[in-house]
Structures are given as C-alpha cells and as structure tokens.
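A short write-up of the structure that comes next.
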2 protein chains.
Amino acid sequence: MRSLRVGAAQLGPIMRDTTRREVVDRLIVLMREANAEDCGLVVFPELALTTFFPRWYLDDDPQELDSYYETQMPGPETQRLFDEAKALGIGFYLGYAELTPEGERYNTSVLVDESGSLVGKYRKVHLPGHEEHEPERPFQHLERRYFKEGPDGFGVWEAFDGIIGMALCNDRRWPETYRVMALQNAEMILIGYNTPMHYAPDPSQNPLQSFHNQLVMQAGAYQNGTWVVGVAKGGIEEGVDSLAESVIIAPSGQIVAQATTTDDELVVADCDLDWCKHYKNTLFDFDRYRRPEMYELITRPKTDQ
Amino acid sequence: MRSLRVGAAQLGPIMRDTTRREVVDRLIVLMREANAEDCGLVVFPELALTTFFPRWYLDDDPQELDSYYETQMPGPETQRLFDEAKALGIGFYLGYAELTPEGERYNTSVLVDESGSLVGKYRKVHLPGHEEHEPERPFQHLERRYFKEGPDGFGVWEAFDGIIGMALCNDRRWPETYRVMALQNAEMILIGYNTPMHYAPDPSQNPLQSFHNQLVMQAGAYQNGTWVVGVAKGGIEEGVDSLAESVIIAPSGQIVAQATTTDDELVVADCDLDWCKHYKNTLFDFDRYRRPEMYELITRPKTDQ
C-alpha cells in the first residue's frame, strides 16, 4: 500500500484589488494546515493567485491584464510558497496565469515536490469560453482571448511515490483528458477549477453545475482507475457565484472527501495509490480490453471531419 | 423539437430451458405495451433471446452452445417480432448472439425501423471477461471465448427522425464508445446489457455495480450531448443475480426514467432529440473546443505502448 495523504486546499473568492501577498498568505495558511494534518501534497485551485480575470474585457487596460500573469515561477511573490513547502517537506500543485519570456500566455499549473523543487508544468489544453468581447454578457469568459491553447498535451510525473497527472478546470469535462494520462499510468490526477454557476450560452445548465462537476470527475476516476483531486476557487467573487465542492475521488469513482463551505477550506484524504490496480488490472486492463483501432475518429484532425 | 418516445423494455431472467418462442412472446408483450404507450422505438437488452450462456463453459456440448446463436435475423423464431413491429409501426433494438454463414460468432444488436426493416447492425467492440475456462469461478464470463471482437467499430444510423447509435453492455464503460458515435453526430445511443452483481476478479466492485452503471452512462450522455437508453436483462437468472435498473438518460446526464423492478418492465420517456444541441452547440462544441492532436495516445496501437 502506497498511501499519499492529500489536502485539497479550496479557496474562497479573491477580489480584483487583493494583492499577491495577501493571496500567498492564505495559501501558506492552508499549506501549514495540510502539513499539520500530515499531508504529503496540497492542491490549490486554477488561477489561484488572482481573481478570475477572464471575466472582464481588459483590452482597454493592458497593464491591468498583464498584472494578472506570472513571468517567473517561483517569482518574487511566490518564492515564499516554495520556501515554506521545502521547510515543511510538503509538495503542492498551483494554478496560475503564465506569461513566457517570448510573450506567450498560458493557463498553467505546476507540481512542486516535498523538497520545494518544480517537477512538472502543465499548460491547459481545453480552453473554454470565447475569443471576442461579447458585451451582452454580464460577465465575459475570455479564456480563449487571454490564453493560448497548451501545446504540450497531458503529461504525468513520477512524484510522491506515485505517477501524478495535472489538468485544469474545463479539461475535466473531456474524457480524453483522463484517458491520455491513464495511458501513461496516472495514479492521481490533480485538477484546479473556477466554475461560474451561470453558463451564459445555455442557462439550462446552471442548476446542473454541481452534478456535472461530480459526474465528469467521478467517471474520469472510475474509467481510468485513478484518484482525482478537484479543487475549486468558489464563492461569490466580484459578483460571480462560483461552484465550490472541492472533492477527492477514489479509483472506484466514489467521493471520499468533499468541501462543505464556499471559502478557504482544507479537505483531506488518505489515498492508497495501489488501489488503482483494482481497476487497472481487471475491468479496465487497457492492454487486454481496449480497441484503439476502433477509436480512429477521436484523433482525426478537425479539418478532416 | 423532434420528440422520439422511447420504451426501455427490460427483461427479467431467461432460464436455460426457456424456448425462443416463450422469449419472443415476452418481447411481443413488451412491444405491444410500448405501442400502447405511443412509443416509436422499443429497446430490448443484450442477448435478449436466451439465457446469458457465457456464464458456462460449454466446450463439452457444442450443440448446446450453438443453440444460443441466431444464424439468420430475422429467423424462424424472430420473424414474428419483425412482423409485429411492422404491423404496429414501431421500431426496435434487439441484442442477440450471431453465428454468420462463415462461422464467425458475434455479440450483436440490430436496429429495425417502424416498417420492420433492418436499418443497422452492430457487433460488440469491447468484449469483457476471459478466453479460457476458469474452473475456480462459480460462474464463467466467457464472452471472449464465445464471441469475436466486432470488426466494424461504432456506427450511427439515420432513423426515427434522428441519428441513432448502438453499443452493448461492457462498451458503455469505455468513454471512447460514446465519443466515436458522437463524432458522427449521434443523438441517441441504445445499449443493452447483462451485468452480474458479482465481479469475480475484484469483489470490491460488487456493491458498486449500480453506481458504476449509472455513472458511465450519465457521463457518456452529458459529455457527448446525447440521449442514452440503457436496458438490462436483470434479476436472478440461473443463480446469477444481475443488475436491472434500466434507464433513459437525457443529454444533460440526468436520468429521466428508470425501472423499479428486476423483471420484464417497460419504462417510457419522451426524448427531444433537439435537446442535444444544448450541449453539442455550446460547452461541447467539438469543432471549436476539442484538441484531437493532443489525444494521439488514445489511438496508438497497443503493441507500440
């Protein structure tokens, strides 16, 4: 039994005028709490360092837009988090907006091990929302304007005595996300998210946000025999109510821990990474049962369809 | 709104000595009931004409084994079903064991339209269980001995004023099943199943059979914006307790109708095929949001992995 004790470190709202220092203070509080609870890994949400800025059209103020991105990781304000992780001997996953030296912008997460060393970086593959300003919306969802689609796909990393994958928010709704990592033997997939309770293009989905959130992560866990840790930035942030309900899900698809507030909250579970074998070696023995030659449409380029 | 009223015609147990005639009588009762309820389509289970024979090792009695297969569809005993469908003006989906003139054996389903014409045939892609006799099991699951893997993949058919796909039992646990059909614009996927409540290779899954059954079909519906009709042969058949809980699931992933018994039972729902657009044209707009170039591992041949 390889047991990894994980903390899902949900965040409540971060306002537009909240400073990085204030946010990192909150992250460190949660990290210390996770350490006090004997966690080896603490998982923070997507875009955890700032408010969810894609809700605004910011072309009129490029300086404000740029202020939401990190140009280094660790950088001046986040170094403390790495230092604290190293001092405590706890690893973490952190989502943030990345601006590269070449000027590319990504919705990114990093995985940092117990020694404070960066072991992996992931750039969001599935960007939801829209590219252009849609003034009729009370809030924008301009991820497709402010980020470039991640070019590297879904990787996994050997860390925490297991095989760990990363995804971000909308990725969790696509079964390919989990599958590509499971085909690389992922045993735990970490997913930060920001999920507004309103979905402007189809309000019929609004009352189903909680159901859909659980459905896709539970199915992703079960169908791939992997742990899934889903961590929200929840609560009412700048007028937008966002789903909380951070969860830790077993390879059976069962929810083993779940947040009960919409604020900063740590949820902890002992995750036996060997439990994955119950599924990976039986019902979902990929080598024995998959039929990749029958899935060809899934990878066919979009222009050919 | 294109509304298709569908009946999920669950079957209770069929015993080893039950004749085809008796089974077809039961199917016709359910078909007439569906017709009386104004259904345009009635969906029967997998291997609906006989007991679930892969539970026995039958190499000692090839004659008994052969007796479970249909060499024609319609054949002498099933012609009545086609005639009744035509007379009533109702379509149906039927699962059965197929033995071809070339001697190939498949776990097959057919789709028959309101005029009694065969419009589509599907041969099961994902065969669960094992190839060899495992005498230590109280019951075998010899689908991999008694059937060949379906060579044609997942198709869809224009019928019932919609686009209809078919799958069988274990297929429903694999997200690729739904995806390949959704990439062909499936609006409703029909799935018959026989699911023992015991899973010998990992009994920890036994108490989760109902949860997993719903999870995979609800996720498949939601992630592909399609209706899913899952129909069981349930109840205690020759000593094996099998999951019932036939369901009709909306493109939202919500269960809109569900069987309450473990016996022959018709469950009906009005399915608006245009409701699929709520998902296919927004959150799951494949052309806009999918990243097929990132999914390459999914179709990589198994020998290369």
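Going by the structure tokens order, chains are called A, B, ..., each with residues numbered from 1, while ligands are numbered from 1 in the order shown.
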*Tell me the residues of chain B close to chain A, meaning within 6 Å using only C-alpha atoms, as an NGL selection string.*
:B and (153 or 292 or 294-296 or 299 or 301)
_Within 12 Å of B:Ala259 using only C-alpha atoms, minus same-chain residues under 4 positions, as a PyMOL selection string_ = chain B and resi 7-12+229-234+243-248+255+263-269
*Go ahead and compute the interatomic distance for atom CA of B:Asn194 and atom CA of B:Arg26, in Å to one decimal.*
17.3 Å
*So which bits of stretch 151-291 of chain B end up helix (DSSP H, G or I) when you DSSP the backbone, as a PyMOL selection string?*
chain B and resi 169-173+175-182+203-224+273-280+286-289
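Across the model, the gap from atom CA of B:Thr262 to atom CA of B:Thr50 is 16.7 Å.
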_Ranking A:Tyr96, A:Tyr57, A:Tyr146, A:Phe160 by minimum distance to A:Val42 and counting only C-alpha atoms, which one comes first?_
A:Phe160
*May I have all residues of stretch 26-145 of chain B that DSSP, computed from the backbone, assigns to strand (DSSP E or B), given as a ChimeraX atom specification?*
/B:41-43,69-70,91-99,105-112,118-123
*Tell me, in Å to one decimal, how far atom CA of A:Cys271 is from atom CA of A:Ile189.*
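Going from atom CA of A:Cys271 over to atom CA of A:Ile189, I get 11.8 Å.
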*asked:* With only C-alpha atoms as the counted atoms, please give the residues lying no more than 7 Å from B:Ala250, apart from itself and same-chain residues fewer than 4 positions off, as JSON, numbers by chain.
replied: {"B": [221, 226, 227, 228, 254, 255, 256]}
